[in-house]
Structure formats: structure tokens, C-alpha cells
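A.B. asks: Could you have a look at this structure, given as C-alpha cells, before my questions?
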Amino acid sequence: SSNAEMVTTNSVDVEAEVGDFIQYEFVDDSFILGIANAIDEEKYLRYEDKQGGNLRMEITTKGETLHEGETVDFIAVEMSWHQSFTLIFDDLMDDDDGKEDMVEVDYSLVSEIWDLDASYFSTANNTAIKDGMTMIINFNMTINQYEDQTIYWSSSIEKTTTDFIDQEGIEPSTYEVGSLWSITTTNRISGTERTRDCWDGDCEDWVTEEIDEETTVTQNSEVVGEKSLTTPAGTFQVLEIKETEDGEDPGNYTLNYLDDTGLPVALKMYTEDTMTMNVQLESYKISGLGSLDADGSDIVEEGLPSIPFILSLMTVAFVAVRVAGRQS
């Protein structure tokens, strides 16, 4: 549109290096409240002892690999996230003892995505070929019942590899209010999920389930507006991009916020129109472009390309939130 006030482009070509990173912080307690409400929304009182919570994406490896019979360059990007907290409930088991019950939650996620484009931040249509993810969720529940106390512990360890089989659709070369596009991807997910329950130290055997499924997902994106956002990294004028998936409830969507250089400044996730994740830019370092610390020093002056690939990394966190809610 010739009347667009803000336009973001993907045309800059930059060679990023091992050690470059983007780091985000959680703005509020949406994730914690989502877990608490999934356990028992009516009896939830408060949370305590929150630790961790930063979401970090960092280039860990550059090299060569075989893909479809050819030797190609690749970049490995690791996304890591760890958070723990204690949820307090009022009489969780309905035993009318008037005592508070506790659920200690420890959640960790490490995902490594391989991308064929060795410059990492260089083009709009990067080709991701593999995503290896390990997700560990531990629930340690203390249930008070009159004079008795029961300790229940549950652990889930999921290790999966996602092979990216096919992609249809093209990202636009520029973004502005009104831009629309759709991308359909077909992936094969394989791996295992191991679960175990313990009551007062008496643990059951681990139960292992094999994971082997092929999924095809169409993601629809629309630039819905412009706004100003203030984060620990500064104040940014951003485009707001709404993403939905075919077949999903209309209340399930994500909002991504990009400044005019293409930097992902913030991200929000909604499930049934309730916010379940809210993160914003804290700091970053990208060779050839510069760095920005949480105190606002060393501000990058050039743009970040490859917006779709950066955002695709962050969607891994969305999946993790939904799975964590189901595990509870």
C-alpha cells in the first residue's frame, strides 16, 4: 500500500556467527497462571518462589550436513527456557481440612533447530530441516489432609525430533499494515514420552510411549496494525502480526511485534482468548549488526532480516505451553 506509514523488509544479508543470540523476558505471570488454572482455577490462591523464565535463542553450531543427497551449509540454533515456581491452593482435594496445598512446578525446554541457510539471518525463506526437542516437566504436590500429609510427584520427559518434509507458500518480501500470507508445512515428529508417578516415595515404573506422527499445518498471517512498545531494550514502533492456524478455535492465536528493522520485539499467545504467554525483548547480539543490552547500550542501527525464521523458533515455546497445560 502506498499509504503505509511503516514497512519492514527482509532484504538485508548478514553473516551471523556462533554465540550470537536473542533473549526475551516474561512480561507477566500468564504462563504460571495458565498452569494454575489448568490444575484448579477455583481453588488457586497465589504462587511463590518463582525462578528463571528467560527465553534465549543462540547460534551454537555452523557446518555442513547431507540434505536430500547434497552437502549443504547449516546453522544450529538452540532455544532454551527454564522456570520453576510453587502454586498454592485452598483445600485442593476437597477434604475440608482448611489447609493450603502446594504444587511445585519445574519446567525446562531445550530445542535445537537446524536451518539450511548458513547466514542464519539472511533470507525470508529459510529452510529448516530438523528440530530436536527435549522437554521435562516435574510436578511435586504436597497434599494436607487433617493431620496427614501426602507427597505426590509426577515427571514427564519428552524427547522428539521433527523432520521438515515440505512447505508451500511464500513469505512477502516486505511487511506493512494489511499484508496477508499463508504457509503450509508438513512435518514428521518421532520420539518418546516417558512418565512416572510417585506417592510418598513409592514410585511406579516409567511408562514409555512412542511418538510417530506426520502433521500438516497451515498458518495464516496478517499485519493488523502499528503501535508503540516499551521493553527493557527500549521503546519501539512496531507492526502487530496476528497468526492463526486452519482448524483451530478462533480464540487461539499469536501476536508478533516487529520494529521497522525486522527485530522481533515482543510476542503474545492466546488460548480461548486468554493470554497464556507474554514475552518481550531483553537483549541480543548479532555479528555484523551489533548488540543491545537490557540497559539500552550499543543499539543496533541496521535491520534484522529473516523475520519468518526467527518467529518460527519462537513458536516452539507456544507448543510447549499447550503441552505443559495438558500435562497438569
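Ordering of the C-alpha cells sets the chain letters (A, B, ...); residue numbers start at 1 within each chain; ligands are numbered from 1 in the order shown.
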Taking only C-alpha atoms into account, produce a table as CSV in which each residue of stretch 100-183 of chain A with an atom at most 10 Å from an atom of stretch 85-94 of chain A appears once, together with its shortest atom pair and the distance in Å to one decimal, ordered by chain and rising number.
C.D. replies:
residue,atom,partner,partner_atom,distance
A:Glu100,CA,A:Asp90,CA,4.8
A:Asp101,CA,A:Phe89,CA,5.2
A:Met102,CA,A:Ile88,CA,4.8
A:Val103,CA,A:Leu87,CA,5.0
A:Glu104,CA,A:Thr86,CA,4.3
A:Val105,CA,A:Phe85,CA,5.5
A:Asp106,CA,A:Phe85,CA,6.8
A:Tyr107,CA,A:Phe85,CA,9.0
A:Phe139,CA,A:Thr86,CA,9.6
A:Asn140,CA,A:Thr86,CA,9.1
A:Met141,CA,A:Leu87,CA,9.2
A:Thr142,CA,A:Ile88,CA,9.8
A:Ile143,CA,A:Met93,CA,7.5
A:Asn144,CA,A:Asp91,CA,7.9
A:Gln145,CA,A:Met93,CA,8.2
A.B. asks: Could you write out that same residue set with C-alpha atoms as a short mmCIF file (atom, residue, chain, number, x, y, z; two decimals), in the first residue's frame?
C.D. replies:
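Everything below was put into result_27.cif:
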data_model
loop_
_atom_site.label_atom_id
_atom_site.label_comp_id
_atom_site.auth_asym_id
_atom_site.auth_seq_id
_atom_site.Cartn_x
_atom_site.Cartn_y
_atom_site.Cartn_z
CA GLU A 100 -3.37 -25.00 51.97
CA ASP A 101 -1.92 -27.44 49.46
CA MET A 102 1.21 -26.84 47.37
CA VAL A 103 2.27 -27.83 43.86
CA GLU A 104 5.93 -27.26 42.98
CA VAL A 105 6.44 -26.98 39.22
CA ASP A 106 9.79 -27.26 37.45
CA TYR A 107 9.67 -26.84 33.68
CA PHE A 139 5.12 -31.67 39.49
CA ASN A 140 5.76 -32.14 43.21
CA MET A 141 2.45 -31.90 45.07
CA THR A 142 2.07 -31.65 48.86
CA ILE A 143 -1.50 -32.52 49.92
CA ASN A 144 -2.51 -31.78 53.51
CA GLN A 145 -5.43 -33.81 54.87
#
A.B. asks: I need the strand (DSSP E) residues of stretch 185-286 of chain A per DSSP on the backbone, written as a ChimeraX atom specification.
C.D. replies: /A:185-199,202-203,207-231,234-245,253-259,264-271,274-286
A.B. asks: Using only C-alpha atoms, determine which residues lie at most 9 Å from stretch 45-57 of chain A, disregarding the query and same-chain residues fewer than 5 positions distant; provide the list as a PDB file with C-alpha atoms, in the first residue's frame.
C.D. replies:
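Printed below is part_28.pdb as written:
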ATOM      1  CA  ASP A  20      25.013 -14.656  18.547  1.00  0.00           C
ATOM      2  CA  PHE A  21      21.735 -14.628  20.469  1.00  0.00           C
ATOM      3  CA  ILE A  22      18.331 -13.066  21.083  1.00  0.00           C
ATOM      4  CA  GLN A  23      16.926 -13.158  24.630  1.00  0.00           C
ATOM      5  CA  TYR A  24      13.406 -12.443  25.886  1.00  0.00           C
ATOM      6  CA  GLU A  25      11.882 -11.999  29.331  1.00  0.00           C
ATOM      7  CA  PHE A  26       8.384 -12.846  30.531  1.00  0.00           C
ATOM      8  CA  ILE A  32       2.180 -19.536  35.683  1.00  0.00           C
ATOM      9  CA  LEU A  33      -1.500 -18.646  35.879  1.00  0.00           C
ATOM     10  CA  ALA A  36      -2.515 -22.972  37.991  1.00  0.00           C
ATOM     11  CA  VAL A  77      20.072 -22.566  16.806  1.00  0.00           C
ATOM     12  CA  GLU A  78      19.365 -23.615  20.393  1.00  0.00           C
ATOM     13  CA  MET A  79      16.318 -22.309  22.210  1.00  0.00           C
ATOM     14  CA  SER A  80      16.411 -22.759  25.987  1.00  0.00           C
ATOM     15  CA  TRP A  81      13.873 -21.967  28.678  1.00  0.00           C
ATOM     16  CA  HIS A  82      13.725 -22.987  32.342  1.00  0.00           C
ATOM     17  CA  GLN A  83      11.279 -21.868  35.005  1.00  0.00           C
ATOM     18  CA  SER A  84      10.213 -23.102  38.435  1.00  0.00           C
ATOM     19  CA  PHE A  85       7.582 -21.891  40.916  1.00  0.00           C
ATOM     20  CA  THR A  86       5.284 -23.085  43.719  1.00  0.00           C
ATOM     21  CA  LEU A  87       1.500 -22.871  43.375  1.00  0.00           C
ATOM     22  CA  ILE A  88      -0.653 -22.536  46.500  1.00  0.00           C
ATOM     23  CA  PHE A  89      -4.224 -23.871  46.539  1.00  0.00           C
ATOM     24  CA  ASP A  90      -7.019 -23.795  49.103  1.00  0.00           C
ATOM     25  CA  GLU A 100      -3.373 -24.997  51.971  1.00  0.00           C
ATOM     26  CA  VAL A 279       7.409 -12.133  26.330  1.00  0.00           C
ATOM     27  CA  GLU A 282      15.552  -8.067  26.782  1.00  0.00           C
ATOM     28  CA  ILE A 310      13.174 -16.061  13.964  1.00  0.00           C
ATOM     29  CA  LEU A 313      11.778 -20.603  16.530  1.00  0.00           C
ATOM     30  CA  MET A 314       9.515 -18.854  18.997  1.00  0.00           C
ATOM     31  CA  ALA A 317       7.578 -22.164  23.003  1.00  0.00           C
TER      32      ALA A 317
END
A.B. asks: Taking only residues of stretch 130-164 of chain A that have an atom at most 7 Å from an atom of stretch 183-196 of chain A, what is each one's shortest atom pair and its distance in Å to one decimal, using only C-alpha atoms, in chain and number order, as a tab-separated table?
C.D. replies:
residue	atom	partner	partner_atom	distance
A:Ser154	CA	A:Arg196	CA	5.8
A:Ser155	CA	A:Arg196	CA	5.5
A:Ser156	CA	A:Thr195	CA	4.5
A:Ile157	CA	A:Arg194	CA	5.2
A:Glu158	CA	A:Glu193	CA	4.3
A:Lys159	CA	A:Thr192	CA	5.6
A:Thr160	CA	A:Gly191	CA	4.2
A:Thr161	CA	A:Ser190	CA	5.5
A:Thr162	CA	A:Ile189	CA	4.5
A:Asp163	CA	A:Arg188	CA	5.2
A:Phe164	CA	A:Asn187	CA	4.6
A.B. asks: Go ahead and write the selection's residues with N, CA, C and O atoms as a compact mmCIF listing (two decimals), in the first residue's frame.
C.D. replies:
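The result, written out as part-v5.txt:
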# COMPACT_ATOMS: atom_id res chain seq x y z
N SER A 154 5.15 -36.22 40.04
CA SER A 154 4.92 -36.68 38.68
C SER A 154 5.99 -36.07 37.77
O SER A 154 6.30 -34.88 37.88
N SER A 155 6.53 -36.88 36.90
CA SER A 155 7.57 -36.41 35.98
C SER A 155 7.24 -36.85 34.56
O SER A 155 6.78 -37.97 34.33
N SER A 156 7.49 -35.94 33.62
CA SER A 156 7.29 -36.23 32.20
C SER A 156 8.53 -35.78 31.44
O SER A 156 8.97 -34.64 31.59
N ILE A 157 9.09 -36.69 30.64
CA ILE A 157 10.26 -36.36 29.81
C ILE A 157 9.91 -36.70 28.37
O ILE A 157 9.68 -37.87 28.04
N GLU A 158 9.86 -35.69 27.53
CA GLU A 158 9.54 -35.91 26.13
C GLU A 158 10.73 -35.51 25.26
O GLU A 158 11.25 -34.40 25.37
N LYS A 159 11.17 -36.45 24.42
CA LYS A 159 12.27 -36.19 23.50
C LYS A 159 11.78 -36.49 22.09
O LYS A 159 11.39 -37.62 21.80
N THR A 160 11.80 -35.48 21.24
CA THR A 160 11.29 -35.66 19.89
C THR A 160 12.24 -35.04 18.86
O THR A 160 13.00 -34.13 19.17
N THR A 161 12.15 -35.57 17.67
CA THR A 161 12.84 -34.99 16.52
C THR A 161 11.79 -34.70 15.45
O THR A 161 11.00 -35.58 15.10
N THR A 162 11.79 -33.46 14.97
CA THR A 162 10.86 -33.07 13.92
C THR A 162 11.64 -32.90 12.62
O THR A 162 12.58 -32.11 12.55
N ASP A 163 11.26 -33.66 11.60
CA ASP A 163 11.83 -33.52 10.27
C ASP A 163 10.86 -32.73 9.42
O ASP A 163 9.68 -33.08 9.30
N PHE A 164 11.36 -31.65 8.82
CA PHE A 164 10.53 -30.78 8.00
C PHE A 164 10.48 -31.33 6.57
O PHE A 164 11.49 -31.32 5.86
A.B. asks: Mind pulling up the distance from atom CA of A:Asp166 to atom CA of A:Glu214?
C.D. replies: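 Interatomic distance here is 11.2 Å.
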